[in-house]
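Source file: protein_38.cif (mmCIF, C-alpha atoms and all ligand atoms)
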data_entry
loop_
_atom_site.label_atom_id
_atom_site.label_comp_id
_atom_site.auth_asym_id
_atom_site.auth_seq_id
_atom_site.Cartn_x
_atom_site.Cartn_y
_atom_site.Cartn_z
CA MET W 18 0.00 0.00 0.00
CA ALA W 19 1.25 3.46 -0.87
CA THR W 20 2.11 5.91 1.89
CA TYR W 21 1.23 9.54 1.32
CA THR W 22 3.10 12.35 3.02
CA ILE W 23 0.92 15.21 4.18
CA VAL W 24 2.43 18.53 5.22
CA THR W 25 0.32 19.36 8.25
CA ILE W 26 0.60 23.09 8.83
CA VAL W 27 -0.16 24.42 12.31
CA GLY W 28 -1.54 27.97 12.33
CA SER W 29 -0.27 28.86 15.81
CA LEU W 30 3.22 29.40 17.23
CA ARG W 31 2.10 28.95 20.84
CA LYS W 32 3.99 26.24 22.73
CA GLU W 33 0.79 24.83 24.28
CA SER W 34 -1.25 25.44 21.12
CA PHE W 35 -4.47 23.47 20.89
CA SER W 36 -3.98 23.46 17.11
CA LEU W 37 -0.59 21.78 17.54
CA LYS W 38 -2.09 19.22 19.93
CA ILE W 39 -4.89 18.52 17.45
CA ALA W 40 -2.36 18.11 14.63
CA ASN W 41 -0.40 15.64 16.77
CA ALA W 42 -3.60 13.76 17.62
CA LEU W 43 -4.49 13.56 13.91
CA ALA W 44 -1.00 12.21 13.17
CA ARG W 45 -1.60 9.43 15.69
CA LEU W 46 -5.11 8.65 14.44
CA ALA W 47 -4.19 8.65 10.74
CA PRO W 48 -4.40 5.31 8.92
CA PRO W 49 -1.12 3.69 7.77
CA SER W 50 -1.58 5.17 4.28
CA LEU W 51 -1.01 8.70 5.64
CA LYS W 52 2.11 10.15 7.22
CA LEU W 53 1.30 13.52 8.75
CA ASP W 54 4.39 15.71 8.90
CA VAL W 55 3.43 18.22 11.59
CA THR W 56 4.97 21.53 10.55
CA THR W 57 5.14 24.71 12.59
CA LEU W 58 5.96 28.11 11.16
CA GLU W 59 8.27 29.86 13.64
CA ASN W 60 11.19 29.85 11.21
CA ILE W 61 9.43 31.34 8.19
CA SER W 62 10.73 34.82 7.36
CA PHE W 63 8.25 37.58 6.59
CA PHE W 64 7.28 37.62 2.98
CA ASN W 65 8.87 40.56 1.17
CA GLN W 66 8.73 40.85 -2.59
CA ASP W 67 12.18 42.42 -2.55
CA LEU W 68 13.60 39.05 -1.45
CA GLU W 69 12.05 37.07 -4.28
CA ALA W 70 15.13 37.21 -6.52
CA ALA W 71 17.23 35.55 -3.79
CA PRO W 72 14.76 33.83 -1.45
CA PRO W 73 15.79 33.00 2.13
CA ALA W 74 16.61 29.36 2.83
CA ASP W 75 13.54 28.94 5.06
CA TRP W 76 11.22 29.90 2.16
CA LEU W 77 12.95 27.42 -0.14
CA ALA W 78 12.75 24.65 2.46
CA LEU W 79 9.01 25.19 2.98
CA ARG W 80 8.33 25.28 -0.76
CA ASP W 81 10.42 22.14 -1.33
CA LYS W 82 8.65 20.24 1.44
CA LEU W 83 5.25 21.15 0.00
CA GLN W 84 6.25 20.26 -3.57
CA LYS W 85 7.44 16.82 -2.46
CA SER W 86 4.25 16.13 -0.49
CA ASN W 87 1.07 14.32 -1.51
CA GLY W 88 -1.21 16.88 0.13
CA VAL W 89 -1.58 19.56 2.76
CA LEU W 90 -3.59 19.68 5.97
CA PHE W 91 -4.15 22.99 7.75
CA VAL W 92 -4.93 22.88 11.47
CA THR W 93 -5.64 26.41 12.55
CA PRO W 94 -7.17 28.63 15.18
CA GLU W 95 -9.10 31.77 14.33
CA TYR W 96 -7.65 35.20 15.08
CA ASN W 97 -10.07 38.11 14.83
CA ARG W 98 -12.45 36.18 12.61
CA SER W 99 -9.71 35.19 10.15
CA ILE W 100 -6.52 33.14 10.00
CA PRO W 101 -3.46 34.06 12.09
CA GLY W 102 -0.89 36.29 10.39
CA VAL W 103 1.84 33.63 10.60
CA LEU W 104 -0.31 31.28 8.55
CA LYS W 105 -1.16 33.90 5.92
CA ASN W 106 2.56 34.73 5.72
CA ALA W 107 3.49 31.08 5.09
CA ILE W 108 0.79 30.78 2.43
CA ASP W 109 2.07 33.93 0.73
CA VAL W 110 5.62 32.53 0.80
CA ALA W 111 4.58 29.17 -0.64
CA SER W 112 2.29 30.73 -3.26
CA ARG W 113 5.25 32.33 -5.06
CA PRO W 114 6.82 32.67 -7.61
CA TYR W 115 3.70 33.78 -9.44
CA GLY W 116 2.09 30.85 -11.24
CA LYS W 117 4.35 28.36 -9.45
CA SER W 118 2.61 27.95 -6.12
CA SER W 119 4.00 25.03 -4.13
CA PHE W 120 0.39 24.13 -3.27
CA LEU W 121 -0.54 23.70 -6.95
CA GLY W 122 -2.39 20.43 -7.52
CA LYS W 123 -2.07 19.41 -3.86
CA PRO W 124 -5.26 18.13 -2.26
CA VAL W 125 -6.03 20.16 0.87
CA GLY W 126 -7.82 19.55 4.16
CA ILE W 127 -8.74 22.14 6.79
CA VAL W 128 -9.44 21.63 10.50
CA GLY W 129 -10.62 24.69 12.43
CA ASN W 130 -10.67 24.87 16.21
CA SER W 131 -11.23 27.24 19.09
CA PRO W 132 -11.58 27.15 22.86
CA GLY W 133 -14.60 29.37 22.14
CA ALA W 134 -18.03 28.52 20.83
CA LEU W 135 -17.62 28.89 17.07
CA GLY W 136 -14.82 26.39 16.41
CA GLY W 137 -12.74 28.61 14.12
CA VAL W 138 -15.36 28.57 11.37
CA SER W 139 -14.39 32.02 10.02
CA ALA W 140 -10.74 30.99 9.72
CA VAL W 141 -11.76 27.91 7.74
CA LYS W 142 -14.01 29.98 5.48
CA HIS W 143 -11.19 32.46 4.85
CA LEU W 144 -8.82 29.62 3.92
CA GLN W 145 -11.47 28.35 1.53
CA ASN W 146 -11.38 31.80 -0.12
CA ILE W 147 -7.60 32.07 -0.24
CA LEU W 148 -6.60 28.65 -1.51
CA PRO W 149 -8.54 27.83 -4.70
CA GLY W 150 -6.34 30.04 -6.91
CA ILE W 151 -3.10 28.49 -5.65
CA SER W 152 -3.86 24.91 -4.54
CA GLY W 153 -5.48 21.70 -5.68
CA PRO W 154 -8.91 20.48 -4.57
CA ILE W 155 -10.12 21.25 -1.04
CA LEU W 156 -12.00 18.62 0.96
CA GLY W 157 -15.37 20.25 1.68
CA GLN W 158 -17.06 17.41 3.52
CA PRO W 159 -16.86 16.58 6.34
CA GLU W 160 -16.45 20.07 7.79
CA VAL W 161 -14.59 20.33 11.09
CA TYR W 162 -15.02 23.26 13.48
CA LEU W 163 -13.92 21.96 16.87
CA ASN W 164 -15.26 24.22 19.60
CA GLY W 165 -14.51 24.28 23.32
CA VAL W 166 -11.15 22.59 22.82
CA GLY W 167 -9.70 24.16 26.00
CA ASP W 168 -10.39 21.12 28.14
CA ALA W 169 -10.01 18.39 25.52
CA PHE W 170 -6.40 17.58 26.51
CA ASN W 171 -4.65 16.36 29.64
CA ASP W 172 -1.47 17.81 31.21
CA LYS W 173 0.68 15.77 28.83
CA GLY W 174 -1.10 17.30 25.82
CA GLU W 175 -2.92 14.06 25.04
CA LEU W 176 -6.42 14.19 23.64
CA VAL W 177 -8.76 12.90 26.33
CA ARG W 178 -12.21 13.99 25.17
CA GLU W 179 -13.76 11.05 23.37
CA ALA W 180 -16.20 13.07 21.26
CA VAL W 181 -13.33 15.09 19.78
CA GLN W 182 -11.32 11.94 19.15
CA LYS W 183 -14.28 10.47 17.26
CA VAL W 184 -14.70 13.55 15.06
CA LEU W 185 -10.97 13.63 14.29
CA GLN W 186 -10.96 9.92 13.45
CA GLN W 187 -13.86 10.38 11.04
CA TYR W 188 -12.15 13.36 9.47
CA VAL W 189 -8.73 11.78 9.00
CA ASP W 190 -10.29 8.63 7.50
CA ALA W 191 -12.28 10.74 5.01
CA PHE W 192 -9.17 12.81 4.29
CA ALA W 193 -7.14 9.64 3.62
CA ALA W 194 -9.69 8.53 1.01
CA PHE W 195 -9.61 12.02 -0.54
CA ILE W 196 -5.79 11.97 -0.69
CA GLU W 197 -5.77 8.55 -2.28
CA LYS W 198 -8.30 9.63 -4.90
CA HIS W 199 -6.25 12.69 -5.86
CA ASN W 200 -2.89 10.90 -5.97
CA ARG W 201 -3.89 8.16 -8.39
C1 LIG I 301 -8.03 34.96 19.47
N1 LIG I 301 -8.96 33.97 19.74
C2 LIG I 301 -10.10 33.87 18.94
N2 LIG I 301 -10.94 32.78 19.03
C3 LIG I 301 -12.02 32.67 18.20
O1 LIG I 301 -12.74 31.68 18.27
N3 LIG I 301 -12.29 33.63 17.27
C4 LIG I 301 -11.50 34.74 17.13
O2 LIG I 301 -11.78 35.58 16.29
C5 LIG I 301 -10.38 34.88 18.00
N4 LIG I 301 -9.54 35.96 17.89
C6 LIG I 301 -8.32 35.96 18.52
C7 LIG I 301 -7.37 36.94 18.23
C8 LIG I 301 -6.12 36.90 18.81
C9 LIG I 301 -5.08 37.90 18.41
C10 LIG I 301 -5.82 35.87 19.75
C11 LIG I 301 -4.43 35.82 20.37
C12 LIG I 301 -6.75 34.94 20.06
C13 LIG I 301 -8.73 32.98 20.80
C14 LIG I 301 -7.99 31.77 20.24
O3 LIG I 301 -8.95 30.87 19.71
C15 LIG I 301 -7.19 31.08 21.34
O4 LIG I 301 -6.19 31.96 21.83
C16 LIG I 301 -6.57 29.78 20.87
O5 LIG I 301 -6.06 29.08 21.99
C17 LIG I 301 -5.49 30.02 19.82
O6 LIG I 301 -5.13 28.80 19.19
P1 LIG I 301 -3.93 27.87 19.71
O7 LIG I 301 -2.73 28.75 19.94
O8 LIG I 301 -4.39 27.24 21.00
O9 LIG I 301 -3.75 26.88 18.62
#
Is it possible to give me this structure as structure tokens?
Amino acid sequence: MATYTIVTIVGSLRKESFSLKIANALARLAPPSLKLDVTTLENISFFNQDLEAAPPADWLALRDKLQKSNGVLFVTPEYNRSIPGVLKNAIDVASRPYGKSSFLGKPVGIVGNSPGALGGVSAVKHLQNILPGISGPILGQPEVYLNGVGDAFNDKGELVREAVQKVLQQYVDAFAAFIEKHNR
């Protein structure tokens, strides 16, 4: 059976990030056909068009990793009803050079979350606006907006709330089928 590598981009830099914990939980729950490469963005330089002629090594490494992958999974919180700036910056970096986005053709999944009531739905919707011009197909169903994630983990960062585990399992199984379909 083929193994597909999925760059799993975490939209938060916070050490105790719920998004990071969810990404790690998804990596554990993923079927053997998927290898989730959990990727954080603290080393990505600010996008600056002046640097495009001689891009920084961190931009090139991110682009290369994406190009070699079989798909991309975003796990993100919502900041002020949109995506965090660090995530938008990384997308801008990987979308260039113009016409040569590193997301091109890559099947994409999106998992929104929040300790609040709305589960990061606006961040997910904004990603669904941003990506179509620069990526491959986006998995639209099932939708995942995990709310109230603040008490879903124990002190070791392990997912302990069963209902969340169930939703993530359903999602990662559906995502695996989607990845397989788009990598044939
Ligand atoms: C937030 N938070 C937040 N939550 C939400 O559901 N909708 C929102 O619009 C916002 N806006 C927002 C802006 C800023 C600048 C911060 C710092 C936070 C709360 C946010 O969901 C919470 O801090 C999460 O814990 C952030 O995700 P990580 O770091 O746990 O992955």
With only C-alpha atoms and all ligand atoms counted, collect every polymer residue having an atom within 10 Å of ligand LIG 301 (chain I); state the result as number ranges by chain.
-> W: 27-40, 92-102, 129-140, 162-167
For Ala111 in chain W, which of W:Gln158, W:Ser62, W:Asn146, W:Gln182 is the closest residue, counting only C-alpha atoms?
-> W:Ser62
Write out as a ChimeraX atom specification which residues come within 7 Å of Thr56 in chain W when counting only C-alpha atoms, dropping same-chain ones fewer than 5 positions away.
-> /W:24-27
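Interatomic distance, CA of Pro124 in chain W against CA of Leu46 in chain W: 19.2 Å.
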Mind dumping a table of every range 77-159 of chain W residue within 12 Å of range 49-55 of chain W, with the nearest atom pair and its distance in Å to one decimal, using only C-alpha atoms, sorted by chain and rising number, as JSON lines?
{"residue": "W:Lys82", "atom": "CA", "partner": "W:Asp54", "partner_atom": "CA", "distance": 9.7}
{"residue": "W:Leu83", "atom": "CA", "partner": "W:Asp54", "partner_atom": "CA", "distance": 10.5}
{"residue": "W:Lys85", "atom": "CA", "partner": "W:Asp54", "partner_atom": "CA", "distance": 11.8}
{"residue": "W:Ser86", "atom": "CA", "partner": "W:Asp54", "partner_atom": "CA", "distance": 9.4}
{"residue": "W:Asn87", "atom": "CA", "partner": "W:Leu51", "partner_atom": "CA", "distance": 9.3}
{"residue": "W:Gly88", "atom": "CA", "partner": "W:Leu53", "partner_atom": "CA", "distance": 9.6}
{"residue": "W:Val89", "atom": "CA", "partner": "W:Leu53", "partner_atom": "CA", "distance": 9.0}
{"residue": "W:Leu90", "atom": "CA", "partner": "W:Leu53", "partner_atom": "CA", "distance": 8.3}
{"residue": "W:Phe91", "atom": "CA", "partner": "W:Val55", "partner_atom": "CA", "distance": 9.7}
{"residue": "W:Val92", "atom": "CA", "partner": "W:Val55", "partner_atom": "CA", "distance": 9.6}
{"residue": "W:Gly126", "atom": "CA", "partner": "W:Leu53", "partner_atom": "CA", "distance": 11.9}
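For the residues W:Gln186, W:Val125, W:Asp109, W:Val181, ranking by smallest atom-to-atom distance to Ile155 in chain W using all atoms listed in the file places W:Val125 first.
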Identify, on the basis of all atoms listed in the file, every residue whose closest approach to Ser112 in chain W does not exceed 10 Å; exclude the query and any residue fewer than 5 positions from it along the same chain; express the result as JSON, numbers by chain.
-> {"W": [80, 106, 107, 117, 118, 119, 120, 121, 148, 150, 151, 152]}
One decimal place gives the CA of Ile147 in chain W-CA of Val103 in chain W separation as 14.5 Å
One decimal, Å: what's the distance from CA of Leu79 in chain W over to CA of Leu176 in chain W, could you say?
->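 It comes out at 28.0 Å.
For Lys183 in chain W, the list of residues within 12 Å, based on only C-alpha atoms and with local chain neighbours fewer than 4 positions off taken out, reads Ala42, Leu43, Leu46, Val161, Leu163, Leu176, Val177, Arg178, Glu179, Gln187, Tyr188, Val189 and Asp190 of chain W.
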Could you please take those selected residues and save C-alpha atoms as a short mmCIF file (atom, residue, chain, number, x, y, z; two decimals), in the coordinates of the input?
data_model
loop_
_atom_site.label_atom_id
_atom_site.label_comp_id
_atom_site.auth_asym_id
_atom_site.auth_seq_id
_atom_site.Cartn_x
_atom_site.Cartn_y
_atom_site.Cartn_z
CA ALA W 42 -3.60 13.76 17.62
CA LEU W 43 -4.49 13.56 13.91
CA LEU W 46 -5.11 8.65 14.44
CA VAL W 161 -14.59 20.33 11.09
CA LEU W 163 -13.92 21.96 16.87
CA LEU W 176 -6.42 14.19 23.64
CA VAL W 177 -8.76 12.90 26.33
CA ARG W 178 -12.21 13.99 25.17
CA GLU W 179 -13.76 11.05 23.37
CA GLN W 187 -13.86 10.38 11.04
CA TYR W 188 -12.15 13.36 9.47
CA VAL W 189 -8.73 11.78 9.00
CA ASP W 190 -10.29 8.63 7.50
#
Closest of W:Asn65, W:Ala19, W:Leu185, W:His143 to Ala44 in chain W, counting all atoms listed in the file, is W:Leu185
Report, as JSON, the centre and edge lengths in Å (one decimal) of the axis-aligned box enclosing every listed atom of range 78-93 of chain W, padded by 8 Å on each side.
{"center_x": 3.6, "center_y": 20.4, "center_z": 4.5, "size_x": 34.4, "size_y": 28.1, "size_z": 32.1}
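Minimum atom-to-atom distance to Tyr115 in chain W, evaluated using all atoms listed in the file, belongs to W:Gln66 out of W:Gln66, W:Ala191, W:Val141, W:Ala180.
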